Amino acid sequence: MTAVLVIDDEPGIVRFLRRALEAAGYEVHTASDGIDGLRRATTQRFDLVTLDLLMPGLGGMAVLSALLEHDPAARVVVLSAAGGVQERVACLEHGAVDFLMKPFSLAELLARIRARLHHGVTGASGGMTLESGGVRLDPSRRMAYVGDRPIELSAREYLVMAHLMENAGKAVSRQELLSDVWGLTFDPGSNVVDVCVARLRAKIEGDLIETVRNVGYSFRTA
């Protein structure tokens with residue numbers, strides 16, 4: 001059974017989510033604060049975590065960062081009343097797979113959870129090692145190798161790199177990356193793609209990732 005961890009300090013929200021998720025067939029676990037939520041998320045296996053941002057003790061953003069540092073492949077859906085553009089962008093940049101503002105539609109939440117569980121945040125390479133332009137990607141370790149130099153990548157960086165390498169020599173649009181890597185069908189009004197590519201360039205070094213003006217990026221094959 002698919003296991004979901006709900007981290008939220010509002011008892012009413014927790015009860016509501018537990019009933020709704022269990023009715024949808026999920027195994028539901030709960031935590032009423034960030035400290036307990038992070039402990040559970042890093043010591044037990046969950047297929048997806050829903051996370052509130054505004055919590056006493058340890059806030060949701062700190063939980064998100066620590067959880068994804070522990071497990072870059074963790075699927076976290078943020079549910080929060082703090083739903084401004086800055087908050088949404090920060091959560092996506094930190095690695096959340098989705099953001100839903102409170103109050104939310106239960107039907108929409110369940111649809112988004114199903115979509116994130118189906119697509120996940122695993123690499124488009126399907127577990128195969130990718131090699132191009134002198135760079136090798138190892139999906140089992142989520143690492144890149146330039147020659148013999150190992151480079152640790154975040155989950156997002158790995159997915160962007162894999163997508164560009166799979167389309168080496170072709171122009172990949174920012175919208176395509178937003179859709180395939182962030183799971184967004186709209187532009188959140190930020191430069192999340194550009195920031196991620198800039199981090200990749202700094203780690204990989206060289207000029208393997210080219211900017212295609214007014215389009216996006218391309219990975220050089222030679």
# chains A, B, ... in the order shown; residues from 1 in each chain; ligands from 1
$ residues_around --residues "A:Val195" --least-positions-apart "3" --cutoff "12 Å" --atoms "only C-alpha atoms" --output "list in words"
Val89, Ala90, Leu92, Glu93, His94, Arg156, Glu157, Val160, Arg174, Ser190, Asn191, Val192, Ala198, Arg199, Leu200, Arg201 and Ala202 of chain A
$ residues_around --residues "A:Val193" --least-positions-apart "4" --cutoff "8 Å" --atoms "only C-alpha atoms" --output "number ranges by chain"
A: 174, 177-178, 197
$ select_by_dssp --residues "chain A" --states "alpha helix (DSSP H)" --output "ChimeraX atom specification"
/A:11-23,34-43,60-70,85-94,106-119,155-166,174-181,192-204
$ residues_around --residues "A:Gly147" --least-positions-apart "4" --cutoff "10 Å" --atoms "only C-alpha atoms" --output "number ranges by chain"
A: 134-136
$ write_last_selection --atoms "N, CA, C and O atoms" --output "PDB file, in the first residue's frame"
ATOM      1  N   GLY A 134      31.673  13.642 -22.776  1.00  0.00           N
ATOM      2  CA  GLY A 134      32.653  13.448 -21.722  1.00  0.00           C
ATOM      3  C   GLY A 134      32.066  13.432 -20.327  1.00  0.00           C
ATOM      4  O   GLY A 134      32.790  13.381 -19.337  1.00  0.00           O
ATOM      5  N   VAL A 135      30.723  13.470 -20.234  1.00  0.00           N
ATOM      6  CA  VAL A 135      30.037  13.436 -18.939  1.00  0.00           C
ATOM      7  C   VAL A 135      29.282  12.115 -18.820  1.00  0.00           C
ATOM      8  O   VAL A 135      28.636  11.671 -19.774  1.00  0.00           O
ATOM      9  N   ARG A 136      29.375  11.484 -17.667  1.00  0.00           N
ATOM     10  CA  ARG A 136      28.624  10.253 -17.408  1.00  0.00           C
ATOM     11  C   ARG A 136      27.723  10.477 -16.194  1.00  0.00           C
ATOM     12  O   ARG A 136      28.167  10.997 -15.175  1.00  0.00           O
TER      13      ARG A 136
END
$ closest_residue --among "A:Met165, A:Leu21, A:Ala155, A:Val4" --to "A:Gly37" --atoms "only C-alpha atoms"
A:Val4
$ residues_around --residues "stretch 109-111 of chain A" --least-positions-apart "3" --cutoff "9 Å" --atoms "only C-alpha atoms" --output "MDAnalysis selection string"
chainID A and resid 20:21 24 100 104:106 114:116
$ write_last_selection --atoms "all heavy atoms" --output "tab-separated table (two decimals), in the first residue's frame"
chain	number	residue	atom	x	y	z
A	20	ALA	N	-9.51	11.57	4.09
A	20	ALA	CA	-9.57	11.64	2.63
A	20	ALA	C	-8.57	10.70	1.97
A	20	ALA	O	-8.89	9.99	1.01
A	20	ALA	CB	-9.33	13.08	2.18
A	21	LEU	N	-7.35	10.68	2.49
A	21	LEU	CA	-6.30	9.85	1.89
A	21	LEU	C	-6.56	8.36	2.14
A	21	LEU	O	-6.32	7.53	1.26
A	21	LEU	CB	-4.93	10.26	2.42
A	21	LEU	CG	-4.45	11.65	1.96
A	21	LEU	CD1	-3.21	12.07	2.73
A	21	LEU	CD2	-4.19	11.67	0.47
A	24	ALA	N	-9.06	7.15	-0.16
A	24	ALA	CA	-8.52	7.00	-1.51
A	24	ALA	C	-7.59	5.79	-1.63
A	24	ALA	O	-7.05	5.53	-2.70
A	24	ALA	CB	-7.78	8.27	-1.92
A	100	LEU	N	0.47	23.45	-3.15
A	100	LEU	CA	-0.97	23.70	-3.18
A	100	LEU	C	-1.31	24.64	-2.04
A	100	LEU	O	-0.94	24.40	-0.89
A	100	LEU	CB	-1.74	22.39	-3.04
A	100	LEU	CG	-3.16	22.33	-3.58
A	100	LEU	CD1	-3.20	22.73	-5.05
A	100	LEU	CD2	-3.74	20.94	-3.40
A	104	PHE	N	-7.63	24.31	-0.10
A	104	PHE	CA	-7.48	23.66	-1.39
A	104	PHE	C	-8.66	22.73	-1.65
A	104	PHE	O	-9.38	22.33	-0.74
A	104	PHE	CB	-6.18	22.86	-1.44
A	104	PHE	CG	-5.98	21.96	-0.26
A	104	PHE	CD1	-6.61	20.72	-0.18
A	104	PHE	CD2	-5.17	22.36	0.80
A	104	PHE	CE1	-6.43	19.90	0.92
A	104	PHE	CE2	-4.99	21.54	1.91
A	104	PHE	CZ	-5.62	20.31	1.97
A	105	SER	N	-8.83	22.39	-2.91
A	105	SER	CA	-9.85	21.44	-3.31
A	105	SER	C	-9.33	20.02	-3.07
A	105	SER	O	-8.21	19.69	-3.48
A	105	SER	CB	-10.19	21.62	-4.79
A	105	SER	OG	-10.76	20.46	-5.34
A	106	LEU	N	-10.12	19.19	-2.39
A	106	LEU	CA	-9.70	17.81	-2.14
A	106	LEU	C	-9.49	17.06	-3.45
A	106	LEU	O	-8.52	16.31	-3.60
A	106	LEU	CB	-10.74	17.09	-1.28
A	106	LEU	CG	-10.47	15.60	-1.02
A	106	LEU	CD1	-9.12	15.42	-0.33
A	106	LEU	CD2	-11.59	14.99	-0.20
A	114	ARG	N	-1.77	11.78	-7.04
A	114	ARG	CA	-1.70	10.66	-7.99
A	114	ARG	C	-0.68	10.94	-9.08
A	114	ARG	O	0.10	10.05	-9.47
A	114	ARG	CB	-3.08	10.40	-8.60
A	114	ARG	CG	-4.06	9.71	-7.67
A	114	ARG	CD	-5.28	9.20	-8.43
A	114	ARG	NE	-6.05	10.28	-9.02
A	114	ARG	CZ	-7.05	10.91	-8.40
A	114	ARG	NH1	-7.40	10.54	-7.18
A	114	ARG	NH2	-7.72	11.88	-9.02
A	115	ALA	N	-0.67	12.18	-9.58
A	115	ALA	CA	0.27	12.54	-10.65
A	115	ALA	C	1.70	12.46	-10.17
A	115	ALA	O	2.58	11.93	-10.87
A	115	ALA	CB	-0.04	13.94	-11.17
A	116	ARG	N	1.96	12.96	-8.97
A	116	ARG	CA	3.34	12.95	-8.45
A	116	ARG	C	3.80	11.54	-8.13
A	116	ARG	O	4.96	11.19	-8.33
A	116	ARG	CB	3.45	13.83	-7.20
A	116	ARG	CG	3.12	15.30	-7.45
A	116	ARG	CD	3.94	15.87	-8.60
A	116	ARG	NE	3.44	17.17	-9.01
A	116	ARG	CZ	3.15	17.49	-10.25
A	116	ARG	NH1	3.27	16.59	-11.21
A	116	ARG	NH2	2.72	18.70	-10.55
$ select_by_dssp --residues "stretch 8-165 of chain A" --states "strand (DSSP E)" --output "JSON list (two decimals) with N, CA, C and O atoms, in the first residue's frame"
[["chain", "number", "residue", "atom", "x", "y", "z"],
["A", 27, "GLU", "N", -2.07, 4.47, 2.79],
["A", 27, "GLU", "CA", -1.71, 4.25, 4.20],
["A", 27, "GLU", "C", -1.19, 5.57, 4.73],
["A", 27, "GLU", "O", -0.19, 6.11, 4.23],
["A", 28, "VAL", "N", -1.83, 6.12, 5.74],
["A", 28, "VAL", "CA", -1.53, 7.48, 6.19],
["A", 28, "VAL", "C", -0.87, 7.49, 7.56],
["A", 28, "VAL", "O", -1.34, 6.84, 8.50],
["A", 29, "HIS", "N", 0.23, 8.23, 7.66],
["A", 29, "HIS", "CA", 0.92, 8.48, 8.92],
["A", 29, "HIS", "C", 0.94, 9.99, 9.12],
["A", 29, "HIS", "O", 0.93, 10.75, 8.15],
["A", 30, "THR", "N", 0.98, 10.44, 10.37],
["A", 30, "THR", "CA", 0.91, 11.88, 10.63],
["A", 30, "THR", "C", 1.98, 12.31, 11.62],
["A", 30, "THR", "O", 2.46, 11.52, 12.43],
["A", 31, "ALA", "N", 2.31, 13.60, 11.54],
["A", 31, "ALA", "CA", 3.21, 14.24, 12.50],
["A", 31, "ALA", "C", 2.69, 15.65, 12.73],
["A", 31, "ALA", "O", 2.32, 16.34, 11.76],
["A", 48, "LEU", "N", 5.27, 9.46, -0.37],
["A", 48, "LEU", "CA", 5.04, 10.89, -0.57],
["A", 48, "LEU", "C", 4.81, 11.55, 0.79],
["A", 48, "LEU", "O", 4.28, 10.91, 1.71],
["A", 49, "VAL", "N", 5.21, 12.80, 0.89],
["A", 49, "VAL", "CA", 5.03, 13.59, 2.12],
["A", 49, "VAL", "C", 4.25, 14.85, 1.78],
["A", 49, "VAL", "O", 4.57, 15.53, 0.79],
["A", 50, "THR", "N", 3.20, 15.16, 2.56],
["A", 50, "THR", "CA", 2.56, 16.47, 2.46],
["A", 50, "THR", "C", 3.08, 17.30, 3.63],
["A", 50, "THR", "O", 3.19, 16.80, 4.75],
["A", 51, "LEU", "N", 3.40, 18.54, 3.35],
["A", 51, "LEU", "CA", 4.13, 19.35, 4.33],
["A", 51, "LEU", "C", 3.56, 20.76, 4.43],
["A", 51, "LEU", "O", 3.46, 21.47, 3.43],
["A", 76, "VAL", "N", 7.78, 15.54, -2.08],
["A", 76, "VAL", "CA", 7.15, 16.40, -1.07],
["A", 76, "VAL", "C", 6.17, 17.36, -1.75],
["A", 76, "VAL", "O", 6.56, 18.11, -2.65],
["A", 77, "VAL", "N", 4.92, 17.30, -1.31],
["A", 77, "VAL", "CA", 3.90, 18.25, -1.78],
["A", 77, "VAL", "C", 3.65, 19.23, -0.64],
["A", 77, "VAL", "O", 3.23, 18.84, 0.45],
["A", 78, "VAL", "N", 3.93, 20.50, -0.89],
["A", 78, "VAL", "CA", 3.74, 21.53, 0.14],
["A", 78, "VAL", "C", 2.29, 22.00, 0.12],
["A", 78, "VAL", "O", 1.75, 22.32, -0.94],
["A", 79, "LEU", "N", 1.67, 22.03, 1.30],
["A", 79, "LEU", "CA", 0.32, 22.55, 1.48],
["A", 79, "LEU", "C", 0.42, 23.70, 2.47],
["A", 79, "LEU", "O", 0.76, 23.48, 3.63],
["A", 80, "SER", "N", 0.13, 24.92, 2.03],
["A", 80, "SER", "CA", 0.35, 26.04, 2.94],
["A", 80, "SER", "C", -0.54, 27.22, 2.62],
["A", 80, "SER", "O", -0.92, 27.45, 1.46],
["A", 98, "ASP", "N", 5.51, 19.73, -5.72],
["A", 98, "ASP", "CA", 4.27, 20.47, -6.00],
["A", 98, "ASP", "C", 3.99, 21.40, -4.83],
["A", 98, "ASP", "O", 4.55, 21.25, -3.73],
["A", 99, "PHE", "N", 3.10, 22.37, -5.07],
["A", 99, "PHE", "CA", 2.70, 23.34, -4.05],
["A", 99, "PHE", "C", 1.21, 23.60, -4.23],
["A", 99, "PHE", "O", 0.76, 23.91, -5.33],
["A", 100, "LEU", "N", 0.47, 23.45, -3.15],
["A", 100, "LEU", "CA", -0.97, 23.70, -3.18],
["A", 100, "LEU", "C", -1.31, 24.64, -2.04],
["A", 100, "LEU", "O", -0.94, 24.40, -0.89],
["A", 101, "MET", "N", -2.01, 25.71, -2.37],
["A", 101, "MET", "CA", -2.31, 26.72, -1.36],
["A", 101, "MET", "C", -3.59, 26.36, -0.60],
["A", 101, "MET", "O", -4.57, 25.91, -1.18],
["A", 130, "LEU", "N", 23.88, 7.37, -18.47],
["A", 130, "LEU", "CA", 23.95, 8.23, -19.64],
["A", 130, "LEU", "C", 25.37, 8.73, -19.83],
["A", 130, "LEU", "O", 26.04, 9.10, -18.86],
["A", 131, "GLU", "N", 25.84, 8.76, -21.05],
["A", 131, "GLU", "CA", 27.16, 9.30, -21.36],
["A", 131, "GLU", "C", 27.07, 10.17, -22.59],
["A", 131, "GLU", "O", 26.49, 9.77, -23.60],
["A", 132, "SER", "N", 27.64, 11.37, -22.50],
["A", 132, "SER", "CA", 27.66, 12.28, -23.64],
["A", 132, "SER", "C", 28.62, 13.42, -23.34],
["A", 132, "SER", "O", 28.69, 13.88, -22.19],
["A", 135, "VAL", "N", 30.72, 13.47, -20.23],
["A", 135, "VAL", "CA", 30.04, 13.44, -18.94],
["A", 135, "VAL", "C", 29.28, 12.11, -18.82],
["A", 135, "VAL", "O", 28.64, 11.67, -19.77],
["A", 136, "ARG", "N", 29.38, 11.48, -17.67],
["A", 136, "ARG", "CA", 28.62, 10.25, -17.41],
["A", 136, "ARG", "C", 27.72, 10.48, -16.19],
["A", 136, "ARG", "O", 28.17, 11.00, -15.18],
["A", 137, "LEU", "N", 26.46, 10.08, -16.32],
["A", 137, "LEU", "CA", 25.50, 10.19, -15.22],
["A", 137, "LEU", "C", 25.22, 8.81, -14.66],
["A", 137, "LEU", "O", 24.89, 7.88, -15.41],
["A", 138, "ASP", "N", 25.31, 8.69, -13.35],
["A", 138, "ASP", "CA", 25.03, 7.42, -12.66],
["A", 138, "ASP", "C", 23.74, 7.59, -11.87],
["A", 138, "ASP", "O", 23.73, 8.23, -10.81],
["A", 143, "MET", "N", 24.90, 10.82, -9.39],
["A", 143, "MET", "CA", 26.18, 11.49, -9.52],
["A", 143, "MET", "C", 26.50, 11.73, -10.99],
["A", 143, "MET", "O", 26.05, 11.00, -11.87],
["A", 144, "ALA", "N", 27.30, 12.76, -11.24],
["A", 144, "ALA", "CA", 27.86, 13.00, -12.56],
["A", 144, "ALA", "C", 29.36, 12.81, -12.47],
["A", 144, "ALA", "O", 29.98, 13.06, -11.42],
["A", 145, "TYR", "N", 29.93, 12.33, -13.55],
["A", 145, "TYR", "CA", 31.38, 12.16, -13.62],
["A", 145, "TYR", "C", 31.89, 12.86, -14.87],
["A", 145, "TYR", "O", 31.44, 12.57, -15.99],
["A", 146, "VAL", "N", 32.80, 13.80, -14.67],
["A", 146, "VAL", "CA", 33.49, 14.44, -15.79],
["A", 146, "VAL", "C", 34.89, 13.86, -15.79],
["A", 146, "VAL", "O", 35.72, 14.20, -14.94],
["A", 149, "ARG", "N", 36.36, 12.76, -12.37],
["A", 149, "ARG", "CA", 35.95, 13.67, -11.29],
["A", 149, "ARG", "C", 34.48, 13.46, -10.95],
["A", 149, "ARG", "O", 33.61, 13.71, -11.78],
["A", 150, "PRO", "N", 34.20, 13.00, -9.71],
["A", 150, "PRO", "CA", 32.80, 12.81, -9.31],
["A", 150, "PRO", "C", 32.17, 14.14, -8.89],
["A", 150, "PRO", "O", 32.81, 14.97, -8.24],
["A", 151, "ILE", "N", 30.91, 14.34, -9.26],
["A", 151, "ILE", "CA", 30.20, 15.56, -8.92],
["A", 151, "ILE", "C", 28.84, 15.19, -8.36],
["A", 151, "ILE", "O", 28.04, 14.53, -9.02],
["A", 152, "GLU", "N", 28.58, 15.60, -7.14],
["A", 152, "GLU", "CA", 27.29, 15.30, -6.51],
["A", 152, "GLU", "C", 26.25, 16.29, -6.99],
["A", 152, "GLU", "O", 26.47, 17.51, -6.99]]
$ atom_distance --atom1 "atom CA of A:Glu22" --atom2 "atom CA of A:Leu54"
24.3 Å
$ closest_residue --among "A:Ala62, A:Ala82, A:Leu117, A:Ala162" --to "A:Ser218" --atoms "only C-alpha atoms"
A:Ala162
$ residues_around --residues "A:Ile35" --least-positions-apart "6" --cutoff "10 Å" --atoms "only C-alpha atoms" --output "number ranges by chain"
A: 7, 41, 55-60, 62-63
$ write_last_selection --atoms "all heavy atoms" --output "mmCIF file, in the first residue's frame"
data_model
loop_
_atom_site.group_PDB
_atom_site.id
_atom_site.type_symbol
_atom_site.label_atom_id
_atom_site.label_comp_id
_atom_site.auth_asym_id
_atom_site.auth_seq_id
_atom_site.Cartn_x
_atom_site.Cartn_y
_atom_site.Cartn_z
ATOM 1 N N ILE A 7 2.508 16.054 7.452
ATOM 2 C CA ILE A 7 3.162 16.865 8.486
ATOM 3 C C ILE A 7 2.431 18.196 8.549
ATOM 4 O O ILE A 7 2.516 19.022 7.634
ATOM 5 C CB ILE A 7 4.654 17.093 8.174
ATOM 6 C CG1 ILE A 7 5.378 15.766 7.923
ATOM 7 C CG2 ILE A 7 5.317 17.857 9.313
ATOM 8 C CD1 ILE A 7 6.834 15.924 7.509
ATOM 9 N N ALA A 41 10.162 11.142 8.615
ATOM 10 C CA ALA A 41 10.451 11.107 7.180
ATOM 11 C C ALA A 41 11.840 10.572 6.876
ATOM 12 O O ALA A 41 12.070 10.025 5.792
ATOM 13 C CB ALA A 41 10.291 12.502 6.586
ATOM 14 N N MET A 55 4.843 26.118 10.852
ATOM 15 C CA MET A 55 4.741 25.232 12.010
ATOM 16 C C MET A 55 5.687 25.715 13.096
ATOM 17 O O MET A 55 6.759 26.254 12.799
ATOM 18 C CB MET A 55 5.085 23.787 11.641
ATOM 19 C CG MET A 55 4.096 23.126 10.719
ATOM 20 S SD MET A 55 4.522 21.392 10.402
ATOM 21 C CE MET A 55 6.030 21.584 9.447
ATOM 22 N N PRO A 56 5.323 25.515 14.360
ATOM 23 C CA PRO A 56 6.222 25.909 15.449
ATOM 24 C C PRO A 56 7.412 24.966 15.548
ATOM 25 O O PRO A 56 7.376 23.837 15.080
ATOM 26 C CB PRO A 56 5.327 25.782 16.695
ATOM 27 C CG PRO A 56 4.321 24.729 16.320
ATOM 28 C CD PRO A 56 4.062 24.942 14.852
ATOM 29 N N GLY A 57 8.466 25.450 16.156
ATOM 30 C CA GLY A 57 9.642 24.601 16.378
ATOM 31 C C GLY A 57 10.552 24.562 15.180
ATOM 32 O O GLY A 57 11.571 25.252 15.117
ATOM 33 N N LEU A 58 10.165 23.792 14.191
ATOM 34 C CA LEU A 58 10.940 23.657 12.963
ATOM 35 C C LEU A 58 10.003 23.889 11.791
ATOM 36 O O LEU A 58 9.073 23.119 11.558
ATOM 37 C CB LEU A 58 11.577 22.263 12.886
ATOM 38 C CG LEU A 58 12.565 22.017 11.737
ATOM 39 C CD1 LEU A 58 13.793 22.919 11.895
ATOM 40 C CD2 LEU A 58 12.996 20.555 11.710
ATOM 41 N N GLY A 59 10.227 24.968 11.062
ATOM 42 C CA GLY A 59 9.341 25.338 9.972
ATOM 43 C C GLY A 59 9.434 24.392 8.792
ATOM 44 O O GLY A 59 10.387 23.612 8.639
ATOM 45 N N GLY A 60 8.419 24.468 7.927
ATOM 46 C CA GLY A 60 8.350 23.562 6.794
ATOM 47 C C GLY A 60 9.516 23.679 5.832
ATOM 48 O O GLY A 60 9.972 22.681 5.270
ATOM 49 N N ALA A 62 12.610 24.431 6.506
ATOM 50 C CA ALA A 62 13.759 23.740 7.097
ATOM 51 C C ALA A 62 13.585 22.233 6.992
ATOM 52 O O ALA A 62 14.546 21.499 6.723
ATOM 53 C CB ALA A 62 13.927 24.158 8.557
ATOM 54 N N VAL A 63 12.350 21.766 7.191
ATOM 55 C CA VAL A 63 12.066 20.332 7.046
ATOM 56 C C VAL A 63 12.316 19.898 5.613
ATOM 57 O O VAL A 63 12.948 18.861 5.351
ATOM 58 C CB VAL A 63 10.609 20.021 7.452
ATOM 59 C CG1 VAL A 63 10.274 18.556 7.146
ATOM 60 C CG2 VAL A 63 10.391 20.303 8.933
#
$ closest_residue --among "A:Ser154, A:Ser32, A:Gln44, A:Gln86" --to "A:Glu10" --atoms "only C-alpha atoms"
A:Ser32
